[in-house]
Amino acid sequence: MHVFDAIQTRRSIKQFTDRAITREEIERLLEAAVQAPNHRMTEPWRFYVLGPEARTAFGTVLGGRKAKRVEDPEAAKAVVAKVARSHGDLPAMVVVAMTQHENPEIREEDYASALMAVQNLSLAAHASGLGSHIKSGAVMNDPAARAAFGVPDDQRVVAMIELGEPAATPDRRDRAPATDWTVWRD
């Protein structure tokens, strides 16, 4: 697949088939990830490939956070169970974390590099016929989520990526052209 085609046709996939993703497939995606630019060659990324138990543990944490918005205790329990089960059933999940350099400038450069690694992984998955769904947010800093991921305290969780064979691919959503966001300066 041509890189421009991959960029134009990649979508966030939220429904996967039951096909297992092999270790070799994941390793190939991780090799694409580490080709991301990284200033000073710090190679700040760290990858955590979660098996069913770790995915379920994270789903339990995420479900617990969602359940806090549910008033009925039985319905809240059902939310936790559903989210835990749905994460445990995912074909694959990779957590991308990064080292935390003591120099703030290098730390910011490393964060950008880790995000580029996430994009590389996502595009490589798409080019390989797989789908990905990149997630970030406050739950990434939740101590219980970090424990489920196995990420030590001295690393920053950048994103969690769900991977699998797409069961459905959403339609393309229109975006404003780049010219709407571009300023040319002399």
# chains A, B, ... in the order shown; residues from 1 in each chain; ligands from 1
>>> select_by_dssp(residues="range 69-177 of chain A", states="strand (DSSP E)", output="ChimeraX atom specification")
/A:92-99,131-135,155-164
>>> residues_around(residues="range 109-126 of chain A", least_positions_apart="2", cutoff="7 Å", atoms="only C-alpha atoms", output="NGL selection string")
:A and (6-7 or 10 or 29-30 or 32-34 or 36-39 or 44-45 or 98 or 105-107 or 128-132)
>>> write_last_selection(atoms="N, CA, C and O atoms", output="PDB file, in the first residue's frame")
ATOM      1  N   ALA A   6      -2.415   4.782   2.528  1.00  0.00           N
ATOM      2  CA  ALA A   6      -2.569   4.348   3.921  1.00  0.00           C
ATOM      3  C   ALA A   6      -3.057   5.501   4.796  1.00  0.00           C
ATOM      4  O   ALA A   6      -3.958   5.328   5.628  1.00  0.00           O
ATOM      5  N   ILE A   7      -2.478   6.673   4.591  1.00  0.00           N
ATOM      6  CA  ILE A   7      -2.887   7.837   5.381  1.00  0.00           C
ATOM      7  C   ILE A   7      -4.336   8.203   5.097  1.00  0.00           C
ATOM      8  O   ILE A   7      -5.112   8.495   6.014  1.00  0.00           O
ATOM      9  N   ARG A  10      -6.833   4.986   6.366  1.00  0.00           N
ATOM     10  CA  ARG A  10      -6.804   4.461   7.731  1.00  0.00           C
ATOM     11  C   ARG A  10      -7.984   5.014   8.526  1.00  0.00           C
ATOM     12  O   ARG A  10      -8.330   6.178   8.427  1.00  0.00           O
ATOM     13  N   LEU A  29       4.823  -4.845  13.457  1.00  0.00           N
ATOM     14  CA  LEU A  29       4.289  -3.511  13.710  1.00  0.00           C
ATOM     15  C   LEU A  29       5.206  -2.712  14.639  1.00  0.00           C
ATOM     16  O   LEU A  29       5.409  -1.513  14.437  1.00  0.00           O
ATOM     17  N   LEU A  30       5.761  -3.375  15.631  1.00  0.00           N
ATOM     18  CA  LEU A  30       6.664  -2.694  16.557  1.00  0.00           C
ATOM     19  C   LEU A  30       7.953  -2.267  15.851  1.00  0.00           C
ATOM     20  O   LEU A  30       8.503  -1.201  16.149  1.00  0.00           O
ATOM     21  N   ALA A  32       8.068  -1.319  12.790  1.00  0.00           N
ATOM     22  CA  ALA A  32       7.678  -0.091  12.073  1.00  0.00           C
ATOM     23  C   ALA A  32       7.630   1.081  13.045  1.00  0.00           C
ATOM     24  O   ALA A  32       8.047   2.194  12.715  1.00  0.00           O
ATOM     25  N   ALA A  33       7.136   0.837  14.251  1.00  0.00           N
ATOM     26  CA  ALA A  33       7.023   1.903  15.247  1.00  0.00           C
ATOM     27  C   ALA A  33       8.378   2.518  15.566  1.00  0.00           C
ATOM     28  O   ALA A  33       8.522   3.743  15.629  1.00  0.00           O
ATOM     29  N   VAL A  34       9.399   1.674  15.746  1.00  0.00           N
ATOM     30  CA  VAL A  34      10.701   2.190  16.172  1.00  0.00           C
ATOM     31  C   VAL A  34      11.476   2.862  15.042  1.00  0.00           C
ATOM     32  O   VAL A  34      12.577   3.379  15.276  1.00  0.00           O
ATOM     33  N   ALA A  36      10.300   5.514  13.778  1.00  0.00           N
ATOM     34  CA  ALA A  36       9.871   6.911  13.917  1.00  0.00           C
ATOM     35  C   ALA A  36      11.076   7.807  14.186  1.00  0.00           C
ATOM     36  O   ALA A  36      12.042   7.385  14.823  1.00  0.00           O
ATOM     37  N   PRO A  37      10.997   9.039  13.697  1.00  0.00           N
ATOM     38  CA  PRO A  37      12.078   9.973  14.005  1.00  0.00           C
ATOM     39  C   PRO A  37      12.192  10.162  15.515  1.00  0.00           C
ATOM     40  O   PRO A  37      11.191  10.203  16.222  1.00  0.00           O
ATOM     41  N   ASN A  38      13.426  10.237  15.987  1.00  0.00           N
ATOM     42  CA  ASN A  38      13.601  10.590  17.398  1.00  0.00           C
ATOM     43  C   ASN A  38      14.902  11.355  17.549  1.00  0.00           C
ATOM     44  O   ASN A  38      15.987  10.864  17.309  1.00  0.00           O
ATOM     45  N   HIS A  39      14.696  12.618  17.894  1.00  0.00           N
ATOM     46  CA  HIS A  39      15.797  13.563  18.046  1.00  0.00           C
ATOM     47  C   HIS A  39      16.794  13.012  19.057  1.00  0.00           C
ATOM     48  O   HIS A  39      16.393  12.460  20.088  1.00  0.00           O
ATOM     49  N   PRO A  44      12.999   6.635  23.075  1.00  0.00           N
ATOM     50  CA  PRO A  44      12.301   6.723  24.353  1.00  0.00           C
ATOM     51  C   PRO A  44      11.140   5.748  24.522  1.00  0.00           C
ATOM     52  O   PRO A  44      10.611   5.594  25.622  1.00  0.00           O
ATOM     53  N   TRP A  45      10.709   5.120  23.450  1.00  0.00           N
ATOM     54  CA  TRP A  45       9.501   4.304  23.491  1.00  0.00           C
ATOM     55  C   TRP A  45       9.722   2.997  24.238  1.00  0.00           C
ATOM     56  O   TRP A  45      10.792   2.403  24.236  1.00  0.00           O
ATOM     57  N   MET A  98       6.791   5.870  27.408  1.00  0.00           N
ATOM     58  CA  MET A  98       8.071   6.507  27.092  1.00  0.00           C
ATOM     59  C   MET A  98       8.865   6.749  28.367  1.00  0.00           C
ATOM     60  O   MET A  98       8.304   6.899  29.449  1.00  0.00           O
ATOM     61  N   GLU A 105      13.345  19.701  27.744  1.00  0.00           N
ATOM     62  CA  GLU A 105      13.380  19.827  26.289  1.00  0.00           C
ATOM     63  C   GLU A 105      13.467  18.448  25.633  1.00  0.00           C
ATOM     64  O   GLU A 105      12.724  18.151  24.701  1.00  0.00           O
ATOM     65  N   ILE A 106      14.320  17.607  26.156  1.00  0.00           N
ATOM     66  CA  ILE A 106      14.454  16.252  25.609  1.00  0.00           C
ATOM     67  C   ILE A 106      13.182  15.453  25.878  1.00  0.00           C
ATOM     68  O   ILE A 106      12.709  14.702  25.022  1.00  0.00           O
ATOM     69  N   ARG A 107      12.593  15.637  27.058  1.00  0.00           N
ATOM     70  CA  ARG A 107      11.353  14.936  27.393  1.00  0.00           C
ATOM     71  C   ARG A 107      10.246  15.289  26.392  1.00  0.00           C
ATOM     72  O   ARG A 107       9.506  14.425  25.937  1.00  0.00           O
ATOM     73  N   SER A 128      -1.079  -3.612   6.600  1.00  0.00           N
ATOM     74  CA  SER A 128      -1.013  -5.071   6.738  1.00  0.00           C
ATOM     75  C   SER A 128      -2.393  -5.721   6.784  1.00  0.00           C
ATOM     76  O   SER A 128      -2.503  -6.923   7.016  1.00  0.00           O
ATOM     77  N   GLY A 129      -3.444  -4.926   6.609  1.00  0.00           N
ATOM     78  CA  GLY A 129      -4.796  -5.462   6.651  1.00  0.00           C
ATOM     79  C   GLY A 129      -5.394  -5.533   8.037  1.00  0.00           C
ATOM     80  O   GLY A 129      -6.451  -6.137   8.232  1.00  0.00           O
ATOM     81  N   LEU A 130      -4.736  -4.933   9.010  1.00  0.00           N
ATOM     82  CA  LEU A 130      -5.245  -4.906  10.373  1.00  0.00           C
ATOM     83  C   LEU A 130      -5.836  -3.541  10.667  1.00  0.00           C
ATOM     84  O   LEU A 130      -5.561  -2.571   9.977  1.00  0.00           O
ATOM     85  N   GLY A 131      -6.615  -3.471  11.720  1.00  0.00           N
ATOM     86  CA  GLY A 131      -7.181  -2.208  12.154  1.00  0.00           C
ATOM     87  C   GLY A 131      -6.620  -1.842  13.515  1.00  0.00           C
ATOM     88  O   GLY A 131      -6.131  -2.698  14.259  1.00  0.00           O
ATOM     89  N   SER A 132      -6.696  -0.564  13.828  1.00  0.00           N
ATOM     90  CA  SER A 132      -6.226  -0.095  15.129  1.00  0.00           C
ATOM     91  C   SER A 132      -7.173   0.968  15.664  1.00  0.00           C
ATOM     92  O   SER A 132      -7.860   1.643  14.908  1.00  0.00           O
TER      93      SER A 132
END
>>> select_by_dssp(residues="range 92-138 of chain A", states="alpha helix (DSSP H)", output="list in words")
Pro104, Glu105, Ile106, Arg107, Glu108, Glu109, Asp110, Tyr111, Ala112, Ser113, Ala114, Leu115, Met116, Ala117, Val118, Gln119, Asn120, Leu121, Ser122, Leu123, Ala124, Ala125, His126 and Ala127 of chain A
>>> closest_residue(among="A:Lys82, A:His101, A:Arg46, A:Arg172", to="Ala159 in chain A", atoms="only C-alpha atoms")
A:Arg46
>>> atom_distance(atom1="CA of Pro166 in chain A", atom2="CA of Met93 in chain A")
14.0 Å
>>> closest_residue(among="A:Tyr48, A:Thr99, A:Leu62, A:Ala67", to="Met160 in chain A", atoms="only C-alpha atoms")
A:Tyr48
>>> atom_distance(atom1="CA of Ala20 in chain A", atom2="CA of Gly64 in chain A")
26.7 Å
>>> closest_residue(among="A:Gly63, A:Gly164, A:Gly137, A:Pro143", to="Thr17 in chain A", atoms="only C-alpha atoms")
A:Gly164
>>> atom_distance(atom1="CA of Ala54 in chain A", atom2="CA of Met140 in chain A")
14.2 Å
>>> residues_around(residues="Asp142 in chain A", least_positions_apart="3", cutoff="12 Å", atoms="only C-alpha atoms", output="PyMOL selection string")
chain A and resi 58+61-62+64-65+136-139+145-149+151+153+156-157
>>> residues_around(residues="Gln8 in chain A", least_positions_apart="5", cutoff="12 Å", atoms="only C-alpha atoms", output="list in words")
Met1, His2, Val3, Leu123, His126, Ala127, Asp171, Arg172, Arg173, Asp174 and Arg175 of chain A
>>> residues_around(residues="Pro170 in chain A", least_positions_apart="4", cutoff="12 Å", atoms="only C-alpha atoms", output="list in words")
Thr9, Arg10, Arg11, Ser12, Ile13, Lys14, Gln15, Gly131, His133 and Pro166 of chain A
